[in-house]
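Undergrad: The structure follows.
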Amino acid sequence: MTLVSNLYKYREFLKTSILKDFRGKYKKSFLGVLWSFLNPLFQLLIYSLVFPHIMGNRIENYTLYLMIGLMPWTFFNNTIIQSAACIVTNGGIIKKVFFPREILPISTLTSNLVNFLITQIIVLLALIFSGVGIAKSIIFFPVIVLLQYILQLGFAFIFSAITVYVRDVEYIINIFMMLMFYLCPIVYEPAMIPDNLLRFFKLNPMFDIITFYRQILYEGVFPDMYSVLKIFIVCLFFLCSGYAIFKHLEKRFAEEL
Amino acid sequence: MENNSCVIKVKNVSKDFIIYGDKANTLKEKIIRFNSSKKESFHVLKNINLEINRGETVALIGVNGSGKSTLLKLITKIIYPTKGSIVVSGKLTSLLELGAGFHQDFSGRENIYFNASIFGLTRKEIDDRINDIIEFSELGDFIDSPVRTYSSGMYMRLAFSVAINVDADILLIDEILAVGDKHFQDKCLNKLLELKKQGKTMVFVSHSADSVRFLCDRAVWLSEGKIRMDGKTDDVLGEYIKECG
């Protein structure tokens with residue numbers, strides 16, 4: 001509860017730091033915020049050339065299939081990597097001013113959320129123009145985004161705090177994320193995973209979240225409520241434990257930086 | 001509200017800093033030095049008890065390294081005590097280091113917004129104060145130039161103007177008046193005096209005996225992490241000057 005009231009009190013700081021994160025990223029680049037469109041578009045282009053032609057995928061509307069999984073993944077990937085660094089890079093103000101430290105990971109995450117929502121415009125356009133169309137199940141979109149947000153907030157708390165103590169975490173995460181990419185059904189279908197391995201793949205909450213996105217946008221079906229609830233509890237668990245870890249570690253931030 | 005109620009209560013506070021021979025920040029170093037971690041703790045503050053009442057202006061004096069700044073940082077909650085507790089009631093602003101979080105490429109005006117928001121002000125509150133802040137800083141037209149073009153005096157003036165206009169109940173001030181020219185120093189001291197008359201509580205760290213006399217009713221002398229003397233400014237300063245020059 002103190003978290004919420006603190007955030008409300010410092011809402012102006014939260015707002016300015018989200019804006020700073022969002023604008024600052026592309027500051028001084030020629031195309032500016034346009035990069036938040038171009039980056040995922042080129043990534044998409046490359047994957048949609050590589051996988052069907054070289055790997056011989058037989059998924060219908062592969063580019064669309066890929067796009068719907070890839071964008072949430074990029075959101076996840078960028079948030080985790082950037083939040084791991086967010087306390088360390090703001091060491092200057094942490095050592096000098098008191099403010100709720102939670103604001104830093106939250107603003108990193110939220111500026112990435114804004115970015116993600118912008119890229120979803122491309123997905124919507126692609127759905128319309130490819131003839132797949134927009135199904136009623138899209139009303140579940142905010143729910144799935146919320147699930148992903150909660151999950152990532154938990155991770156952002158954990159990694160931003162741990163990196164202060166062990167700087168390697170920033171680099172270890174990079175490697176870990178490369179592996180995670182292939183553990184999520186982004187470039188392939190879940191059906192391609194051997195049955196005996198599927199259980200292990202499903203331990204990763206992003207596996208289900210990406211599946212949900214695909215169900216509501218690509219297949220146009222409502223997700224299974226039982227699985228949504230299950231993932232919600234998992235996400236909440238990560239958020240609570242992440243916050244507890246953060247609160248415990250934040251006490252020595254100013255001394256460790 | 002009671003006039004002499006305690007707003008800062010420091011109870012049995014000790015603070016140790018861990019000094020690493022050479023801090024292992026990476027995993028590699030942590031593993032290599034797993035057995036030979038040269039940790040040394042350094043007791044900065046030893047069992048400090050201090051109560052500051054509403055409306056008091058208290059000076060913290062002492063030689064370098066006596067723990068004055070550490071105590072201020074503890075009260076602000078930038079760092080946490082190893083032992084003991086600190087209770088603060090009321091809105092607190094610390095002027096520990098001016099211009100923390102200033103962004104070099106942003107203009108003075110933008111930095112006012114950013115800096116004041118770190119202190120917990122809302123957009124509207126900043127809008128209400130922006131003219132006072134700019135006027136106090138005497139920056140004039142420079143307010144819309146990027147901060148990196150400022151001289152160190154201008155930089156400090158801007159930062160001080162923001163901090164002083166935050167409208168906190170409790171102000172913690174750490175030797176910030178050392179910069180700036182005589183004119184601006186006097187202006188700051190007078191502003192602080194005005195805030196004092198409004199009933200704000202202040203904790204003031206300074207090496208300038210004149211400013212301490214000018215502003216504070218009470219002085220606390222810290223020596224090697226302990227309170228050596230606590231009393232009326234003139235008495236404490238007199239003893240302090242006798243011993244430390």
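Every chain in the structure tokens takes a letter, A first, then B, and so on in the order presented; its residues are numbered from 1, and the ligands are numbered from 1 following the presented order.
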Restrict the calculation to only C-alpha atoms, then for each residue of segment 120-234 of chain A with any atom at most 6 Å from an atom of segment 52-72 of chain A give the closest atom pair and their distance in Å to one decimal, rows by chain and rising residue number, as CSV.

TA:
```
residue,atom,partner,partner_atom,distance
A:Ile186,CA,A:Gly69,CA,5.0
A:Val187,CA,A:Leu66,CA,5.9
A:Ile210,CA,A:Gly69,CA,5.6
```

Undergrad: Can you tell me which residues surround Tyr165 of chain A at a distance of at most 12 Å, considering only C-alpha atoms, apart from same-chain residues fewer than 2 positions away, and format the answer as a PyMOL selection string?

TA: (chain A and resi 84-85+87-88+158-163+167-170+246+249-257) or (chain B and resi 23-27+30)

Undergrad: Create the file for the chosen residues now, containing N, CA, C and O atoms and written as a short mmCIF file (atom, residue, chain, number, x, y, z; two decimals), in the first residue's frame.

TA:
```cif
data_model
loop_
_atom_site.label_atom_id
_atom_site.label_comp_id
_atom_site.auth_asym_id
_atom_site.auth_seq_id
_atom_site.Cartn_x
_atom_site.Cartn_y
_atom_site.Cartn_z
N ALA A 84 17.81 -4.28 -15.76
CA ALA A 84 18.98 -4.76 -15.03
C ALA A 84 19.99 -3.63 -14.81
O ALA A 84 20.70 -3.60 -13.83
N ALA A 85 20.02 -2.69 -15.75
CA ALA A 85 21.00 -1.61 -15.64
C ALA A 85 20.45 -0.36 -14.98
O ALA A 85 21.20 0.55 -14.66
N ILE A 87 19.23 0.80 -12.10
CA ILE A 87 19.66 1.37 -10.82
C ILE A 87 21.12 1.84 -10.93
O ILE A 87 21.47 2.92 -10.48
N VAL A 88 21.93 1.00 -11.57
CA VAL A 88 23.35 1.33 -11.68
C VAL A 88 23.55 2.63 -12.48
O VAL A 88 24.31 3.50 -12.06
N ILE A 158 13.72 -7.71 -9.42
CA ILE A 158 14.78 -8.64 -9.03
C ILE A 158 16.10 -8.26 -9.68
O ILE A 158 17.10 -8.04 -9.01
N PHE A 159 16.10 -8.11 -11.01
CA PHE A 159 17.37 -7.92 -11.70
C PHE A 159 17.97 -6.54 -11.46
O PHE A 159 19.19 -6.40 -11.36
N SER A 160 17.12 -5.52 -11.36
CA SER A 160 17.68 -4.19 -11.13
C SER A 160 18.40 -4.14 -9.78
O SER A 160 19.45 -3.53 -9.66
N ALA A 161 17.85 -4.83 -8.79
CA ALA A 161 18.46 -4.80 -7.46
C ALA A 161 19.71 -5.66 -7.39
O ALA A 161 20.72 -5.25 -6.83
N ILE A 162 19.64 -6.85 -8.00
CA ILE A 162 20.79 -7.75 -7.89
C ILE A 162 22.00 -7.19 -8.63
O ILE A 162 23.13 -7.32 -8.19
N THR A 163 21.75 -6.53 -9.77
CA THR A 163 22.85 -6.00 -10.56
C THR A 163 23.71 -5.01 -9.76
O THR A 163 24.91 -4.90 -10.00
N ARG A 167 27.61 -7.00 -10.67
CA ARG A 167 27.44 -6.33 -11.96
C ARG A 167 27.35 -7.30 -13.14
O ARG A 167 26.83 -6.96 -14.19
N ASP A 168 27.87 -8.50 -12.97
CA ASP A 168 27.84 -9.47 -14.06
C ASP A 168 26.44 -9.82 -14.50
O ASP A 168 26.24 -10.26 -15.63
N VAL A 169 25.48 -9.66 -13.61
CA VAL A 169 24.12 -10.06 -13.92
C VAL A 169 23.66 -9.43 -15.24
O VAL A 169 22.99 -10.07 -16.06
N GLU A 170 24.08 -8.21 -15.44
CA GLU A 170 23.72 -7.50 -16.67
C GLU A 170 24.12 -8.30 -17.91
O GLU A 170 23.39 -8.35 -18.89
N PHE A 246 13.66 -6.65 -3.79
CA PHE A 246 14.05 -5.27 -4.07
C PHE A 246 14.08 -4.44 -2.78
O PHE A 246 15.03 -3.72 -2.49
N LEU A 249 17.07 -5.36 -0.72
CA LEU A 249 18.38 -4.96 -1.24
C LEU A 249 18.54 -3.46 -1.38
O LEU A 249 19.65 -2.95 -1.38
N GLU A 250 17.44 -2.72 -1.47
CA GLU A 250 17.56 -1.29 -1.75
C GLU A 250 18.22 -0.50 -0.61
O GLU A 250 18.74 0.58 -0.82
N LYS A 251 18.21 -1.09 0.58
CA LYS A 251 18.76 -0.36 1.72
C LYS A 251 20.23 -0.03 1.55
O LYS A 251 20.71 0.94 2.12
N ARG A 252 20.94 -0.86 0.81
CA ARG A 252 22.37 -0.59 0.67
C ARG A 252 22.75 -0.10 -0.73
O ARG A 252 23.93 -0.04 -1.07
N PHE A 253 21.77 0.27 -1.52
CA PHE A 253 22.06 0.77 -2.87
C PHE A 253 23.08 1.90 -2.85
O PHE A 253 24.08 1.87 -3.55
N ALA A 254 22.82 2.90 -2.00
CA ALA A 254 23.68 4.09 -2.00
C ALA A 254 25.11 3.76 -1.61
O ALA A 254 26.05 4.42 -2.03
N GLU A 255 25.27 2.71 -0.81
CA GLU A 255 26.62 2.36 -0.40
C GLU A 255 27.32 1.49 -1.42
O GLU A 255 28.54 1.52 -1.54
N GLU A 256 26.55 0.70 -2.16
CA GLU A 256 27.17 -0.23 -3.11
C GLU A 256 27.50 0.41 -4.44
O GLU A 256 28.30 -0.09 -5.20
N LEU A 257 26.85 1.52 -4.74
CA LEU A 257 27.04 2.12 -6.06
C LEU A 257 28.35 2.89 -6.14
O LEU A 257 28.82 3.42 -5.16
N LYS B 23 37.01 -3.40 -3.72
CA LYS B 23 35.71 -4.01 -3.79
C LYS B 23 35.53 -4.93 -4.98
O LYS B 23 35.84 -4.57 -6.11
N ALA B 24 35.06 -6.14 -4.71
CA ALA B 24 34.81 -7.09 -5.78
C ALA B 24 33.42 -6.83 -6.34
O ALA B 24 32.43 -7.12 -5.70
N ASN B 25 33.39 -6.27 -7.51
CA ASN B 25 32.09 -5.95 -8.09
C ASN B 25 31.62 -7.01 -9.06
O ASN B 25 30.45 -7.10 -9.36
N THR B 26 32.55 -7.77 -9.60
CA THR B 26 32.14 -8.76 -10.58
C THR B 26 32.22 -10.14 -9.97
O THR B 26 32.89 -10.36 -8.96
N LEU B 27 31.54 -11.04 -10.62
CA LEU B 27 31.45 -12.40 -10.14
C LEU B 27 32.83 -13.05 -10.10
O LEU B 27 33.19 -13.73 -9.15
N LYS B 30 34.57 -11.98 -7.17
CA LYS B 30 33.97 -12.54 -5.97
C LYS B 30 34.42 -13.98 -5.75
O LYS B 30 34.66 -14.40 -4.63
#
```

Undergrad: With only C-alpha atoms as the atoms that count, which of B:Ser208, B:Asn131, B:Ser94, B:Ser152 lies nearest to chain A?

TA: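 Selected residue with least distance to chain A: B:Ser94.
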
Undergrad: If you run DSSP on the backbone here, which positions in segment 87-225 of chain B get strand (DSSP E or B)? Please write them as a ChimeraX atom specification.

TA: /B:87-88,92-95,107,146,170-174,201-205,218-223

Undergrad: Could you dump the residues just selected with C-alpha atoms as a PDB file, in the first residue's frame?

TA:
```
ATOM      1  CA  VAL B  87      11.712   8.397  12.901  1.00  0.00           C
ATOM      2  CA  VAL B  88      10.918  11.489  10.888  1.00  0.00           C
ATOM      3  CA  LEU B  92      11.600  16.381   4.413  1.00  0.00           C
ATOM      4  CA  THR B  93      13.899  17.825   1.800  1.00  0.00           C
ATOM      5  CA  SER B  94      17.614  17.457   1.806  1.00  0.00           C
ATOM      6  CA  LEU B  95      20.070  19.748   0.166  1.00  0.00           C
ATOM      7  CA  SER B 107      17.498  23.858 -20.212  1.00  0.00           C
ATOM      8  CA  PRO B 146      21.116  24.201 -21.563  1.00  0.00           C
ATOM      9  CA  ILE B 170      12.122  19.848   7.476  1.00  0.00           C
ATOM     10  CA  LEU B 171      15.235  20.971   5.644  1.00  0.00           C
ATOM     11  CA  LEU B 172      18.566  19.217   5.794  1.00  0.00           C
ATOM     12  CA  ILE B 173      21.396  21.353   4.507  1.00  0.00           C
ATOM     13  CA  ASP B 174      24.911  20.079   3.995  1.00  0.00           C
ATOM     14  CA  THR B 201      12.760  22.726  11.130  1.00  0.00           C
ATOM     15  CA  MET B 202      16.336  22.795   9.894  1.00  0.00           C
ATOM     16  CA  VAL B 203      19.432  20.725  10.336  1.00  0.00           C
ATOM     17  CA  PHE B 204      22.425  22.559   9.083  1.00  0.00           C
ATOM     18  CA  VAL B 205      25.941  21.287   8.514  1.00  0.00           C
ATOM     19  CA  ARG B 218      21.202  24.936  18.964  1.00  0.00           C
ATOM     20  CA  ALA B 219      24.376  23.177  17.984  1.00  0.00           C
ATOM     21  CA  VAL B 220      25.430  19.564  18.167  1.00  0.00           C
ATOM     22  CA  TRP B 221      29.109  18.787  18.109  1.00  0.00           C
ATOM     23  CA  LEU B 222      30.004  15.439  16.637  1.00  0.00           C
ATOM     24  CA  SER B 223      33.392  13.997  17.307  1.00  0.00           C
TER      25      SER B 223
END
```

Undergrad: I need the chain B residues near chain A as a PyMOL selection string; criterion: at most 7 Å, counting only C-alpha atoms.

TA: chain B and resi 25-27+76-80+96-97+100-101+114+117-118+120-123

Undergrad: Those residues you just picked out, can you put them in a file as a PDB file, in the first residue's frame with N, CA, C and O atoms?

TA:
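Written file, again36.pdb:
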```
ATOM      1  N   ASN B  25      33.386  -6.265  -7.514  1.00  0.00           N
ATOM      2  CA  ASN B  25      32.093  -5.947  -8.090  1.00  0.00           C
ATOM      3  C   ASN B  25      31.624  -7.006  -9.064  1.00  0.00           C
ATOM      4  O   ASN B  25      30.454  -7.104  -9.361  1.00  0.00           O
ATOM      5  N   THR B  26      32.551  -7.767  -9.596  1.00  0.00           N
ATOM      6  CA  THR B  26      32.138  -8.758 -10.579  1.00  0.00           C
ATOM      7  C   THR B  26      32.222 -10.143  -9.970  1.00  0.00           C
ATOM      8  O   THR B  26      32.891 -10.365  -8.956  1.00  0.00           O
ATOM      9  N   LEU B  27      31.537 -11.036 -10.617  1.00  0.00           N
ATOM     10  CA  LEU B  27      31.453 -12.402 -10.141  1.00  0.00           C
ATOM     11  C   LEU B  27      32.834 -13.047 -10.103  1.00  0.00           C
ATOM     12  O   LEU B  27      33.191 -13.734  -9.154  1.00  0.00           O
ATOM     13  N   THR B  76      17.777  11.362   5.899  1.00  0.00           N
ATOM     14  CA  THR B  76      17.076  11.417   4.603  1.00  0.00           C
ATOM     15  C   THR B  76      16.651  10.071   4.087  1.00  0.00           C
ATOM     16  O   THR B  76      15.909   9.989   3.121  1.00  0.00           O
ATOM     17  N   LYS B  77      17.193   8.993   4.672  1.00  0.00           N
ATOM     18  CA  LYS B  77      16.923   7.630   4.204  1.00  0.00           C
ATOM     19  C   LYS B  77      17.610   7.304   2.892  1.00  0.00           C
ATOM     20  O   LYS B  77      17.126   6.493   2.117  1.00  0.00           O
ATOM     21  N   ILE B  78      18.725   7.954   2.616  1.00  0.00           N
ATOM     22  CA  ILE B  78      19.521   7.514   1.470  1.00  0.00           C
ATOM     23  C   ILE B  78      20.282   6.261   1.885  1.00  0.00           C
ATOM     24  O   ILE B  78      20.455   5.329   1.121  1.00  0.00           O
ATOM     25  N   ILE B  79      20.735   6.241   3.125  1.00  0.00           N
ATOM     26  CA  ILE B  79      21.327   5.026   3.675  1.00  0.00           C
ATOM     27  C   ILE B  79      20.563   4.649   4.944  1.00  0.00           C
ATOM     28  O   ILE B  79      19.803   5.464   5.464  1.00  0.00           O
ATOM     29  N   TYR B  80      20.753   3.427   5.381  1.00  0.00           N
ATOM     30  CA  TYR B  80      20.006   2.943   6.534  1.00  0.00           C
ATOM     31  C   TYR B  80      20.965   2.600   7.679  1.00  0.00           C
ATOM     32  O   TYR B  80      22.087   2.183   7.430  1.00  0.00           O
ATOM     33  N   LEU B  96      21.648  17.951   0.122  1.00  0.00           N
ATOM     34  CA  LEU B  96      22.937  17.347   0.436  1.00  0.00           C
ATOM     35  C   LEU B  96      23.927  17.708  -0.635  1.00  0.00           C
ATOM     36  O   LEU B  96      25.040  18.106  -0.389  1.00  0.00           O
ATOM     37  N   GLU B  97      23.514  17.535  -1.851  1.00  0.00           N
ATOM     38  CA  GLU B  97      24.380  17.901  -2.941  1.00  0.00           C
ATOM     39  C   GLU B  97      23.500  18.579  -3.953  1.00  0.00           C
ATOM     40  O   GLU B  97      22.491  18.038  -4.361  1.00  0.00           O
ATOM     41  N   ALA B 100      21.661  17.438  -7.987  1.00  0.00           N
ATOM     42  CA  ALA B 100      21.661  16.010  -8.245  1.00  0.00           C
ATOM     43  C   ALA B 100      20.580  15.727  -9.281  1.00  0.00           C
ATOM     44  O   ALA B 100      19.452  16.171  -9.127  1.00  0.00           O
ATOM     45  N   GLY B 101      20.947  15.013 -10.302  1.00  0.00           N
ATOM     46  CA  GLY B 101      19.963  14.680 -11.316  1.00  0.00           C
ATOM     47  C   GLY B 101      19.743  15.767 -12.344  1.00  0.00           C
ATOM     48  O   GLY B 101      18.839  15.658 -13.161  1.00  0.00           O
ATOM     49  N   PHE B 114      12.335  18.723 -13.680  1.00  0.00           N
ATOM     50  CA  PHE B 114      12.837  17.387 -13.389  1.00  0.00           C
ATOM     51  C   PHE B 114      13.317  17.290 -11.939  1.00  0.00           C
ATOM     52  O   PHE B 114      12.971  16.369 -11.207  1.00  0.00           O
ATOM     53  N   SER B 117      10.567  17.434  -9.394  1.00  0.00           N
ATOM     54  CA  SER B 117       9.767  16.212  -9.369  1.00  0.00           C
ATOM     55  C   SER B 117      10.463  15.124  -8.555  1.00  0.00           C
ATOM     56  O   SER B 117       9.819  14.301  -7.926  1.00  0.00           O
ATOM     57  N   ILE B 118      11.793  15.128  -8.540  1.00  0.00           N
ATOM     58  CA  ILE B 118      12.511  14.157  -7.698  1.00  0.00           C
ATOM     59  C   ILE B 118      12.199  14.420  -6.234  1.00  0.00           C
ATOM     60  O   ILE B 118      12.123  13.505  -5.424  1.00  0.00           O
ATOM     61  N   GLY B 120       9.462  15.202  -5.184  1.00  0.00           N
ATOM     62  CA  GLY B 120       8.095  14.765  -4.927  1.00  0.00           C
ATOM     63  C   GLY B 120       7.037  15.817  -5.183  1.00  0.00           C
ATOM     64  O   GLY B 120       5.928  15.710  -4.670  1.00  0.00           O
ATOM     65  N   LEU B 121       7.345  16.817  -5.985  1.00  0.00           N
ATOM     66  CA  LEU B 121       6.338  17.816  -6.312  1.00  0.00           C
ATOM     67  C   LEU B 121       5.546  17.401  -7.553  1.00  0.00           C
ATOM     68  O   LEU B 121       6.060  16.721  -8.430  1.00  0.00           O
ATOM     69  N   THR B 122       4.293  17.818  -7.595  1.00  0.00           N
ATOM     70  CA  THR B 122       3.497  17.522  -8.778  1.00  0.00           C
ATOM     71  C   THR B 122       3.647  18.665  -9.778  1.00  0.00           C
ATOM     72  O   THR B 122       4.139  19.739  -9.452  1.00  0.00           O
ATOM     73  N   ARG B 123       3.198  18.385 -10.989  1.00  0.00           N
ATOM     74  CA  ARG B 123       3.286  19.366 -12.072  1.00  0.00           C
ATOM     75  C   ARG B 123       2.710  20.720 -11.652  1.00  0.00           C
ATOM     76  O   ARG B 123       3.304  21.759 -11.866  1.00  0.00           O
TER      77      ARG B 123
END
```

Undergrad: Which residue is closest to Leu217 of chain A? Choose from A:Ser241, A:Asn196, A:Gln120, A:Thr74 and count only C-alpha atoms.

TA: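 Of all the options, A:Gln120 lies closest to Leu217 of chain A.
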
Undergrad: Quick one: of A:Leu147, A:Ala135, A:Leu44, A:Ala156, who's nearest to Ser107 of chain A, counting only C-alpha atoms?

TA: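 Closest to Ser107 of chain A, using only C-alpha atoms: A:Ala156.
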
Undergrad: Need the shell around segment 3-16 of chain B: protein/DNA/RNA residues with any atom at most 8 Å away, counting only C-alpha atoms. Skip same-chain ones fewer than 3 positions apart. Format as a ChimeraX atom specification?

TA: /B:41-55,75,80-90

Undergrad: Residues of segment 18-204 of chain A classed as helix (DSSP H, G or I) by DSSP on the backbone are to be reported as an MDAnalysis selection string.

TA: chainID A and resid 18:25 32:55 62:89 91:94 103:129 136:165 169:183 190:192 195:201

Undergrad: Which residues come within 12 Å of Gly62 of chain B, counting only C-alpha atoms, excluding same-chain residues fewer than 4 positions away, as a PyMOL selection string?

TA: chain B and resi 66-69+204-209+219-230+236-237+239-241+243-245

Undergrad: Give me, as a list in words, all polymer residues having an atom no more than 9 Å from Met206 of chain A, counting only C-alpha atoms and skipping those fewer than 4 positions away in the same chain.

TA: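 Close residues of Met206 of chain A: Trp73, Phe76, Gln148, Leu151, Met180, Leu183, Cys184, Lys202, Ile210 and Thr211 of chain A.
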